[in-house]
Each structure stands twice: as structure tokens, then as C-alpha cells.
Amino acid sequence: MNILVCLKQVPDTQKVKIDPERNTLIRKGVPSITNPLDESALELALEVRSITGGKITVLTMGIPDSEEILRDGLSLGADGAYLLTHRDFAGADTLATSYTLSMAIKELGGFDLLLFGKQAIDGDTAQVGPEVAGHLGIPVVTFVTNVQKTAKDIIVVERMIENGKEIVEAEYPVLLTVVKAAQRLRIPTLEGMIKSFDIPVHRLGVQDIGADSSRCGLKGSPTRVKKIFSPKMNSKVKFIEGSIDEKAKKFISIVRGI
Amino acid sequence: MEEHKSGIYDVTPQSDGMKVVHGEETIRRDYSDYLKDESNIEGENVQSLFFPRTINNIAWIMNEACGNRKKVTVSGGRTGICAGAVPGAGGYLLSLEKMARILGVEISSGEYSLKAECGIRLSELSSRVKSKDFGIESVVPTEISRSRTSYFYPPDPTETTATLGGTVATNASGARTLFYGPTRNYVVGIEVILSTGELLKLKRGEVPAENGFFRVQKERGRPLIIPTPSYEMPKTKHSAGLYSKKSMDLIDLFIGSEGILGIIVNVTIRLIEEPHRFFGGVVFFQEEYYAVDFVYRVRKGMARPLAVEYFDKDALALLEGTRKSQGPVSEIPEIPVCSAAVYFESAVFRDEKPEGDNLKAEFLKWKKLIEEAGGDPQSAWAVLNKRDMMRLKALRHAVPESVNKIIAQKKLKDGRIHKVGTDIAVPDEHLKEIMKFYRELLEAERIASVIFGHIGNNHLHVNMIPDNYDELVRAKELYRRFAGKAVSLGGTVSAEHGIGKLKKDYLAILYPQNAIDEMKAIKDTIDPLNILNPGNVI
Ligand SMILES: Cc1cc2nc3c(=O)[nH]c(=O)nc-3n(C[C@H](O)[C@H](O)[C@H](O)COP(=O)(O)OP(=O)(O)OC[C@H]3O[C@@H](n4cnc5c(N)ncnc54)[C@H](O)[C@@H]3O)c2cc1C
């Protein structure tokens, strides 16, 4: 099995403060970590590989410093690592990010199983995984909690849905977005750590992956953030009186008015 | 930062703005947390609970206490485990938690120091030092604010809700004490309110012992003359009774004095450059003997340990139990089947320009030691990133915390039950012997226990978990025998937690009566009415 895991370096939001005026994250002095759901994806990859054998490649797009999270992935047993880093990649929204990642994935080629965290804790969009599948024209299963079975041509996974779970069978290649695993990411072994120092992290730029630079980074990003705000908390209680119909109507008008 | 000179100063007593709660009933009902510390023992008969905000507030309280003949107990973060902060004789209780500001930072002759009020929690202190956001009005020197170097304050008893004052009062240690030494090594100045309400300012190096006495000048009148102790302390990590050394500094008498000599109101500490990168790991052994052997090899080997910590099979079983019952939220990773585990920590320092190769070489040194000691590098863990380091720290902290939870349960059955946790250390060469002694006696007495802690300093916590009163009595007897053995090997009865109210019997095992009399004489000179922290230490 040839497995790819995409990782993102994010600020540790447990330690982030919000700029009260601009409503943006104050990133200064905040430690960077691997996006926790991506860690779940990596843990799932390690579990699958322990059964199927094969190779795990970790990939990220980010500043040169994000090599750290790839190194962490290698110390856990990933076999190869690629870092998409180039100034043309900077400022990407989910569309440009998923385009860039998909170009890299095509360039590297041959993956059976592509694992993403469901979403990153700094943007919370949950779009990148499904969009990559779109660019690649392969199926995607979202909200995956675990893998039930792997066979030569198919994989059976469990996904979380509103009131329970759903068992999905898919053919390779397939992209999974993973939610918090039952098992926390393992700790590297000493042997794995020592080995990882000998594995290079390959850097890739726009040309290396044959990307169109107008579709990358800020240039390729149609998303404009107009305003970020936290909703005002209001703990006033208001009782709605009347018949069920009246209550429903009043309720809808209140909600519309918010 | 204001320059202070050692000496005793008058403070104008003034009580404005201070919160006070009066009445035994009210305090027991609404503030019962303040009557306990982590020993889970509850104090009684507290008539007034004060939350001072200033030095003047404290001076006022001490004047009141003297006038009304009240005893005063000092309370910090209440994370102590020897009931030091538990009011022993009623009267007044002083919680210092509202005095938690950083007062200034400074660089002088290349040394970076920080002055803070006693009530600041270690968690707050360390995050402020890390972010260099001190929340103070006075100017932060640009050498600190602009520099890219990270600094830190090494003492870390893992319980980060401990206060700075409390850790100075107990001379707290932690895992990295193996490399960095205890709290004492980082305290360069303190200000203390004496039982008379006077303020004693002490700067390291300014009041040395001379001809058997310390002389401290008062603002007015005659100097205070304090006899210097002459007994010999064990040559191990040590925090039992008042400090004593040939040519000692008065500041060291107050550090580790568990509040019996005065109330430490603020502290100036020395901060040091953080290493470029900490790293560490956990090694799992099939036999306890191999784990102990590993520690001996680490001492002799090329690796540079900052911390070497131990988990015995019972500690690991406890962790495994917590992991199973709490699931992933416990943050506890699955632990390989084994009989003992050793946590090690090391670092590459800034001047070593560490790149991958260098780290690899460091890890290889550990691997060699592990293999030589019969450990398995395939199952051993290795951590490099901060989050994994924090996970392992949480793992270590979870052991005593889990024990405390079990004890709290047992206490519901029988209120007299409490943890019997040792804090004994012995010199390096006697680790194997003391370990064997612990095992033999624990097995003979069949009392549930876990052994964990600072094995690098030969300082293991044997936590006995009595199931009933009879076992409690036997556990205490075991402690006495452990203490006796340790003392016969040149060790100490308390290496970091202090004596408090629970371990006075063991102090008597460590020191002859004349040493304890010397401590009493010092106490009498400084606190003649025996107002402060009655029941602690002596
Ligand atoms: C799970 C756990 C793990 C721990 N691990 C360690 C460890 O590894 N190493 C270690 O050293 N300790 C350890 N401790 C013990 C504890 O954290 C320390 O004893 C700590 O130093 C006490 O600080 P505190 O602010 O909580 O003081 P308190 O418990 O409030 O008080 C301790 C003593 O100091 C006195 N005191 C407090 N503040 C002042 C002051 N300003 N002036 C004068 N006297 C004062 C009190 O009267 C009392 O006698 C651990 C505790 C727990 C619960």
C-alpha cells in the first residue's frame, strides 16, 4: 500500500490569543504544532501500514520551518517527506492550497490511500481534503474514524454521521478525511527517531510540480476575508408564548433578526 | 528594579483593600479548600482568613497577631504534601495568592534576573518568561525584550500551581534538579516580613555568617543577631530542617525554612538561557534491576542527563489503568509490557549549533547505554518536539496525582488514612542497596505501593497506599525504617518536600537532638513569640 498523509503546521490554538480589535489570531510567540487531526490521519496511516505493509509519505505546504512537522512524521515511521515551499505558494486559500497539493500528488504519483485531517484548527474550513479529491478526480470519504478492513482492491472504513456511524467501502485510490482517532498519536521509538535523521526532506517549488503559478498562493486565491468576529454572547432568556405554530413563527422571526 | 540592601526595615502597617474572612464556621463552610493542602489533611480553628495584597497588609496582620497573641499560618499554592500550609494551631491564615505580580526584570553584569511577588504561580511565571510579556509598567531592558534568546527558570516541581514563595519556602526541586540544582541555586534576593511585622531584605552575598552569627542591621536600633547552625547536612539533594553550612549566607537560612522564620513576600530569581533543544525518552525494562543498572551506566556514560526519572511496575500499572478508564483524554500513550521504565531527558545547548547530525549523535549515545543495560531501543520512546515532551511530563505528573486520588477514596472509608509517601535520597553509590531494601520490606509487609521519581538523584518516592488503619500504622513504621536506613547510608529523610507537620519524626532520625535544639534557638531569636507556622519542622 502506498499511503500519503498531508500535514499542516498550525499555531497551537490552545495557546493563541485573539487580537481584540482585528479579531485575528495573534501568532507571535505561539508555538507551532502539527494540526491535531492530521496527527490522527498519520496514526491511522501507521495502523494501516502495520497490516498491509507498504510506504508512507508525508507532505506539507508551508514555510521552510514546517520541515519540523515532517521530521516528526519521519520519526514516527514515515518513509519519505516532501515540503512544498516557495514564495509563490504564500497566502493560499483552500482552492489554491488544494490545487498546489494535488499537483504535487500527481507529480509524486502512485498513491493508493490519501489521508487528510478533517480540518485544520487554525482555519476550520474542512475544504482542503475534499477539494484535493476533486482536483484529482478520485473518491473522498469524509469524517473517517477508523479502517475496518483492507483488501487488495478495496478498503472499508467507518465514518461518523450525525446519529451514528456509516460503513463505507471504496476502491483505490481514495482520499479519506479523518476525525479524532480513538487512539492518540503514538510516541516515536528511539530506533525510529535515529533512523529518521538519515531520511531527507525534499523541497518542491512551483516548477518542480509543474504548477501554474497564477493558480497558487495569493494570486490563485479568490477568497477574501471581509471580517472576522466572535458572535456576541447574550444570555437573556425570552419565553415565546402561543400555540405551536405561533411559537414557531415567532422563533423564526427572532432568528432572522439576529 | 529597585536596588535593595540587606537589612531590616520598618513598614507602615496599613490594611486597606485587603479581603478578610472572619469566623471559624464561615471559613470551614465556604473556604474549606484553604484549610488543606495536597496532603489532604484539614486544619481547624482558623478565626480569620486574610488575602493580603501588599507588604503593608502583611505587616499589619503580623502586628495584629502579636497584639492579639494569634498564631499565623502561611499558605501559598497549597500543593505541598507535608501539611506545611495547613493551619496547625488555629488563629490566622494568610493566603498569599493575591500577591502575584511581576515587579521587574533586569540585566546586571550579564545576569538576567526577575523580581516577583511570592504568590505568583510557577505556570504564570514560566509563560511570562517565555513570552517576555511581563505585564509590568517598568521598562524591560532591550537586551531581554529584543534578544532572540529564550530564557527560563529551571526549578519545576511539575505541580505548576505551586507559588514562587512556596517553592522557595520548601526549596523545591524537580526532575531537572539533577542537572540544574534546586530552587536555592536560583534565588538571589528575598524580602521577608518577620513575626514583628518588620521587613527583612536579603541579597545573596551580603550577610555572611561570621564567628557563629549573622548580623543584620535594622533601620533603627540594635542589629538582629542570629546564631548560625553548626550541624552537618547530608551530602545529597536535601530539604529537611534549616539549612546549615560552614560559611553560609543568611538568605540560605530562609530558603527552605517552611515559613517558620518569616513570610517571604517577594523573590528575585536568576533566569538562564534555555538550551537550543530539549529531548528525551522512556526506556522500558523487563527487570527492575536492569533499570537501576541503566542509571549507574548513565552516570558513567557520555550522555548528558538533565533528568532521570523512574516508574516501577506498580506506577506503570496505575498509568495503564488511568489510560484505560479515561481513554485518549488521559493523554497517556500505550505502555509496552515491562517491569520498570526510566525517563531520561537531555538537551543540546545553544553554543553547540545542533543540526540533525548532532541530535542523531546524542540519541545514539543513549541507545548505546540502553543496549548495554539490557533495554530495547525498538520499544523505547524518543521525544523531540515540545508537545511530546509535555506528554511525557504529564505522564510523570499523573503518577502522584493518581495515587492522591486513590488515597482520597480510601479516606472516605476511614478519615484517618493518608498517603505515606517517602522523600528520601541517598548518595549515588547506595542506590542499589536502598532500592533492594525498599523492595524487601514492601514485599514482606504486603502494603500496596508505587515507587517513582528522581532516580538520577537516588531520590525515589515510595508512595504507600494503606487500605485501612492497621496498614497506615505499618506503612508509617516502614517509612521510619526506610528513613533509618537512608540516614545510615548518609542520606536524607526529605530531599524536596520538606518536613511540614507530617515528617517531624523523621527529622529526629536524621539529626541528633542538639541539631534540632540549634534550629529551635534560631527560631526563638527570629520569632520569639512562636507565632509563625506553628507545628512546622520543629
Ligand atoms: C502531584 C505533585 C507532585 C509534586 N512534585 C514535586 C517535585 O517533583 N518536587 C518538589 O520539590 N515538590 C513537588 N511537589 C510538592 C509541591 O509542589 C512543593 O512543595 C511546592 O514547592 C509548594 O509550593 P506551594 O506554593 O504550593 O506552597 P504551599 O503548599 O502553600 O506551602 C508549602 C510550605 O511553604 C510555606 N509557604 C508558602 N508560601 C510561603 C511564603 N511566601 N513565605 C513563607 N512560607 C511560605 C507554607 O507555610 C508551607 O509550610 C509535588 C506536589 C504534588 C501535588
# chains A, B, ... in the order shown; residues from 1 in each chain; ligands from 1
>>> residues_around(residues="segment 198-211 of chain B", least_positions_apart="3", cutoff="7 Å", atoms="only C-alpha atoms", output="list in words")
His4, Lys5, Ser6, Gly7, Ile8, Tyr9, Asp10, Val11, Ala59, Val188, Gly189, Ile190, Glu191, Val192, Ile193, Leu194, Phe214, Thr228, Ser247, Met248, Asp249, Leu250 and Ile251 of chain B
>>> residues_around(residues="segment 327-338 of chain B", least_positions_apart="3", cutoff="12 Å", atoms="only C-alpha atoms", output="ChimeraX atom specification")
/A:40,180-189 /B:282-288,290-291,311-324,341-342,375-376,378-381,387-399,402
>>> residues_near_ligand(ligand="ligand 1", cutoff="6 Å", atoms="only C-alpha atoms and all ligand atoms", output="ChimeraX atom specification")
/B:37-38,73-81,84-85,118,157-159,162-163,165-167,169-170,172-174,258-259,262-265,397,400-401,496-497,500
>>> residues_around(residues="Leu95 of chain A", least_positions_apart="4", cutoff="9 Å", atoms="only C-alpha atoms", output="PyMOL selection string")
chain A and resi 99-100+127-128+131-132+215-216+220-223
>>> write_last_selection(atoms="all heavy atoms", output="PDB file, in the first residue's frame")
ATOM      1  N   TYR A  99      -5.195  22.975  -4.979  1.00  0.00           N
ATOM      2  CA  TYR A  99      -4.608  22.869  -6.320  1.00  0.00           C
ATOM      3  C   TYR A  99      -3.129  22.492  -6.203  1.00  0.00           C
ATOM      4  O   TYR A  99      -2.653  21.540  -6.835  1.00  0.00           O
ATOM      5  CB  TYR A  99      -4.773  24.191  -7.073  1.00  0.00           C
ATOM      6  CG  TYR A  99      -3.920  24.268  -8.331  1.00  0.00           C
ATOM      7  CD1 TYR A  99      -4.270  23.524  -9.470  1.00  0.00           C
ATOM      8  CD2 TYR A  99      -2.753  25.048  -8.372  1.00  0.00           C
ATOM      9  CE1 TYR A  99      -3.481  23.557 -10.612  1.00  0.00           C
ATOM     10  CE2 TYR A  99      -1.967  25.090  -9.500  1.00  0.00           C
ATOM     11  CZ  TYR A  99      -2.324  24.338 -10.628  1.00  0.00           C
ATOM     12  OH  TYR A  99      -1.540  24.365 -11.747  1.00  0.00           O
ATOM     13  N   THR A 100      -2.420  23.227  -5.367  1.00  0.00           N
ATOM     14  CA  THR A 100      -0.975  23.005  -5.227  1.00  0.00           C
ATOM     15  C   THR A 100      -0.688  21.589  -4.717  1.00  0.00           C
ATOM     16  O   THR A 100       0.168  20.875  -5.263  1.00  0.00           O
ATOM     17  CB  THR A 100      -0.363  24.044  -4.255  1.00  0.00           C
ATOM     18  OG1 THR A 100      -0.825  25.337  -4.648  1.00  0.00           O
ATOM     19  CG2 THR A 100       1.137  24.013  -4.272  1.00  0.00           C
ATOM     20  N   GLN A 127     -12.206  22.040   3.947  1.00  0.00           N
ATOM     21  CA  GLN A 127     -12.370  22.007   2.487  1.00  0.00           C
ATOM     22  C   GLN A 127     -11.203  21.357   1.758  1.00  0.00           C
ATOM     23  O   GLN A 127     -11.380  20.820   0.662  1.00  0.00           O
ATOM     24  CB  GLN A 127     -12.531  23.450   1.960  1.00  0.00           C
ATOM     25  CG  GLN A 127     -13.853  24.078   2.386  1.00  0.00           C
ATOM     26  CD  GLN A 127     -13.910  25.572   2.124  1.00  0.00           C
ATOM     27  OE1 GLN A 127     -12.930  26.179   1.699  1.00  0.00           O
ATOM     28  NE2 GLN A 127     -15.064  26.167   2.394  1.00  0.00           N
ATOM     29  N   VAL A 128     -10.018  21.437   2.325  1.00  0.00           N
ATOM     30  CA  VAL A 128      -8.833  21.072   1.540  1.00  0.00           C
ATOM     31  C   VAL A 128      -8.850  19.604   1.097  1.00  0.00           C
ATOM     32  O   VAL A 128      -8.624  19.317  -0.081  1.00  0.00           O
ATOM     33  CB  VAL A 128      -7.530  21.427   2.296  1.00  0.00           C
ATOM     34  CG1 VAL A 128      -6.314  20.876   1.570  1.00  0.00           C
ATOM     35  CG2 VAL A 128      -7.417  22.939   2.411  1.00  0.00           C
ATOM     36  N   GLU A 131     -11.433  19.022  -1.665  1.00  0.00           N
ATOM     37  CA  GLU A 131     -11.040  19.740  -2.886  1.00  0.00           C
ATOM     38  C   GLU A 131      -9.889  19.035  -3.611  1.00  0.00           C
ATOM     39  O   GLU A 131      -9.855  18.981  -4.842  1.00  0.00           O
ATOM     40  CB  GLU A 131     -10.641  21.186  -2.557  1.00  0.00           C
ATOM     41  CG  GLU A 131     -11.848  22.076  -2.269  1.00  0.00           C
ATOM     42  CD  GLU A 131     -11.464  23.510  -1.900  1.00  0.00           C
ATOM     43  OE1 GLU A 131     -10.252  23.848  -1.939  1.00  0.00           O
ATOM     44  OE2 GLU A 131     -12.371  24.284  -1.565  1.00  0.00           O
ATOM     45  N   VAL A 132      -8.965  18.496  -2.844  1.00  0.00           N
ATOM     46  CA  VAL A 132      -7.858  17.757  -3.473  1.00  0.00           C
ATOM     47  C   VAL A 132      -8.418  16.566  -4.245  1.00  0.00           C
ATOM     48  O   VAL A 132      -8.042  16.298  -5.392  1.00  0.00           O
ATOM     49  CB  VAL A 132      -6.811  17.298  -2.432  1.00  0.00           C
ATOM     50  CG1 VAL A 132      -5.828  16.307  -3.044  1.00  0.00           C
ATOM     51  CG2 VAL A 132      -6.062  18.494  -1.859  1.00  0.00           C
ATOM     52  N   ARG A 215      -2.275  30.054 -10.284  1.00  0.00           N
ATOM     53  CA  ARG A 215      -3.295  29.334  -9.509  1.00  0.00           C
ATOM     54  C   ARG A 215      -2.807  28.995  -8.098  1.00  0.00           C
ATOM     55  O   ARG A 215      -3.509  28.316  -7.342  1.00  0.00           O
ATOM     56  CB  ARG A 215      -3.718  28.049 -10.244  1.00  0.00           C
ATOM     57  CG  ARG A 215      -4.461  28.358 -11.554  1.00  0.00           C
ATOM     58  CD  ARG A 215      -4.894  27.077 -12.249  1.00  0.00           C
ATOM     59  NE  ARG A 215      -5.924  26.374 -11.495  1.00  0.00           N
ATOM     60  CZ  ARG A 215      -6.367  25.146 -11.820  1.00  0.00           C
ATOM     61  NH1 ARG A 215      -5.842  24.510 -12.866  1.00  0.00           N
ATOM     62  NH2 ARG A 215      -7.306  24.571 -11.107  1.00  0.00           N
ATOM     63  N   CYS A 216      -1.586  29.446  -7.796  1.00  0.00           N
ATOM     64  CA  CYS A 216      -1.034  29.155  -6.467  1.00  0.00           C
ATOM     65  C   CYS A 216      -1.075  30.409  -5.598  1.00  0.00           C
ATOM     66  O   CYS A 216      -1.186  31.529  -6.098  1.00  0.00           O
ATOM     67  CB  CYS A 216       0.420  28.706  -6.562  1.00  0.00           C
ATOM     68  SG  CYS A 216       0.653  27.195  -7.490  1.00  0.00           S
ATOM     69  N   GLY A 220      -3.726  32.846  -6.707  1.00  0.00           N
ATOM     70  CA  GLY A 220      -4.737  31.840  -7.049  1.00  0.00           C
ATOM     71  C   GLY A 220      -5.873  31.753  -6.044  1.00  0.00           C
ATOM     72  O   GLY A 220      -6.623  30.783  -6.066  1.00  0.00           O
ATOM     73  N   SER A 221      -5.961  32.757  -5.169  1.00  0.00           N
ATOM     74  CA  SER A 221      -6.930  32.659  -4.073  1.00  0.00           C
ATOM     75  C   SER A 221      -8.059  33.676  -4.190  1.00  0.00           C
ATOM     76  O   SER A 221      -7.875  34.845  -3.848  1.00  0.00           O
ATOM     77  CB  SER A 221      -6.222  32.865  -2.728  1.00  0.00           C
ATOM     78  OG  SER A 221      -5.266  31.872  -2.537  1.00  0.00           O
ATOM     79  N   PRO A 222      -9.214  33.257  -4.668  1.00  0.00           N
ATOM     80  CA  PRO A 222     -10.327  34.193  -4.787  1.00  0.00           C
ATOM     81  C   PRO A 222     -10.968  34.573  -3.438  1.00  0.00           C
ATOM     82  O   PRO A 222     -11.667  35.574  -3.362  1.00  0.00           O
ATOM     83  CB  PRO A 222     -11.336  33.427  -5.653  1.00  0.00           C
ATOM     84  CG  PRO A 222     -11.008  31.993  -5.483  1.00  0.00           C
ATOM     85  CD  PRO A 222      -9.552  31.928  -5.200  1.00  0.00           C
ATOM     86  N   THR A 223     -10.695  33.793  -2.399  1.00  0.00           N
ATOM     87  CA  THR A 223     -11.342  34.071  -1.106  1.00  0.00           C
ATOM     88  C   THR A 223     -10.874  35.409  -0.546  1.00  0.00           C
ATOM     89  O   THR A 223      -9.676  35.700  -0.544  1.00  0.00           O
ATOM     90  CB  THR A 223     -10.971  32.975  -0.087  1.00  0.00           C
ATOM     91  OG1 THR A 223     -11.184  31.710  -0.698  1.00  0.00           O
ATOM     92  CG2 THR A 223     -11.785  33.096   1.180  1.00  0.00           C
TER      93      THR A 223
END
>>> atom_distance(atom1="atom CA of Ile526 of chain B", atom2="atom CA of Asp423 of chain B")
28.2 Å
>>> closest_residue(among="A:Val140, A:Ile33, A:Val225, A:Ile26", to="chain B", atoms="only C-alpha atoms")
A:Ile33
>>> atom_distance(atom1="atom CA of Ile406 of chain B", atom2="atom CA of Ala175 of chain B")
23.5 Å
>>> select_by_dssp(residues="segment 25-100 of chain A", states="helix (DSSP H, G or I)", output="PyMOL selection string")
chain A and resi 36-52+64-75+87-89+94-100
>>> write_last_selection(atoms="C-alpha atoms", output="compact mmCIF listing (two decimals), in the first residue's frame")
# COMPACT_ATOMS: atom_id res chain seq x y z
CA PRO A 36 -4.07 17.52 15.67
CA LEU A 37 -6.48 15.95 13.19
CA ASP A 38 -3.58 15.44 10.79
CA GLU A 39 -1.92 13.53 13.61
CA SER A 40 -4.99 11.32 13.71
CA ALA A 41 -4.59 10.80 9.95
CA LEU A 42 -0.96 9.85 10.48
CA GLU A 43 -1.86 7.45 13.27
CA LEU A 44 -4.41 5.81 11.00
CA ALA A 45 -1.80 5.53 8.25
CA LEU A 46 0.62 3.85 10.65
CA GLU A 47 -2.07 1.41 11.73
CA VAL A 48 -2.98 0.55 8.14
CA ARG A 49 0.63 0.09 7.15
CA SER A 50 1.23 -2.23 10.09
CA ILE A 51 -1.34 -4.54 8.50
CA THR A 52 -0.81 -4.03 4.78
CA PRO A 64 10.72 26.25 5.49
CA ASP A 65 10.19 25.90 9.23
CA SER A 66 7.38 23.40 8.64
CA GLU A 67 10.09 20.86 7.94
CA GLU A 68 9.81 20.24 11.69
CA ILE A 69 6.43 18.55 11.40
CA LEU A 70 7.66 16.38 8.54
CA ARG A 71 10.63 15.40 10.70
CA ASP A 72 8.17 14.42 13.43
CA GLY A 73 6.32 12.31 10.86
CA LEU A 74 9.55 10.63 9.83
CA SER A 75 10.47 9.89 13.42
CA ARG A 87 7.20 32.30 -2.16
CA ASP A 88 4.54 31.83 -4.87
CA PHE A 89 2.75 29.42 -2.54
CA THR A 94 -8.25 26.45 0.29
CA LEU A 95 -8.64 26.48 -3.50
CA ALA A 96 -5.03 27.40 -4.17
CA THR A 97 -3.82 25.05 -1.44
CA SER A 98 -5.76 22.09 -2.78
CA TYR A 99 -4.61 22.87 -6.32
CA THR A 100 -0.98 23.01 -5.23
>>> residues_around(residues="Val168 of chain A", least_positions_apart="2", cutoff="9 Å", atoms="only C-alpha atoms", output="PyMOL selection string")
chain A and resi 141+155-159+166+170
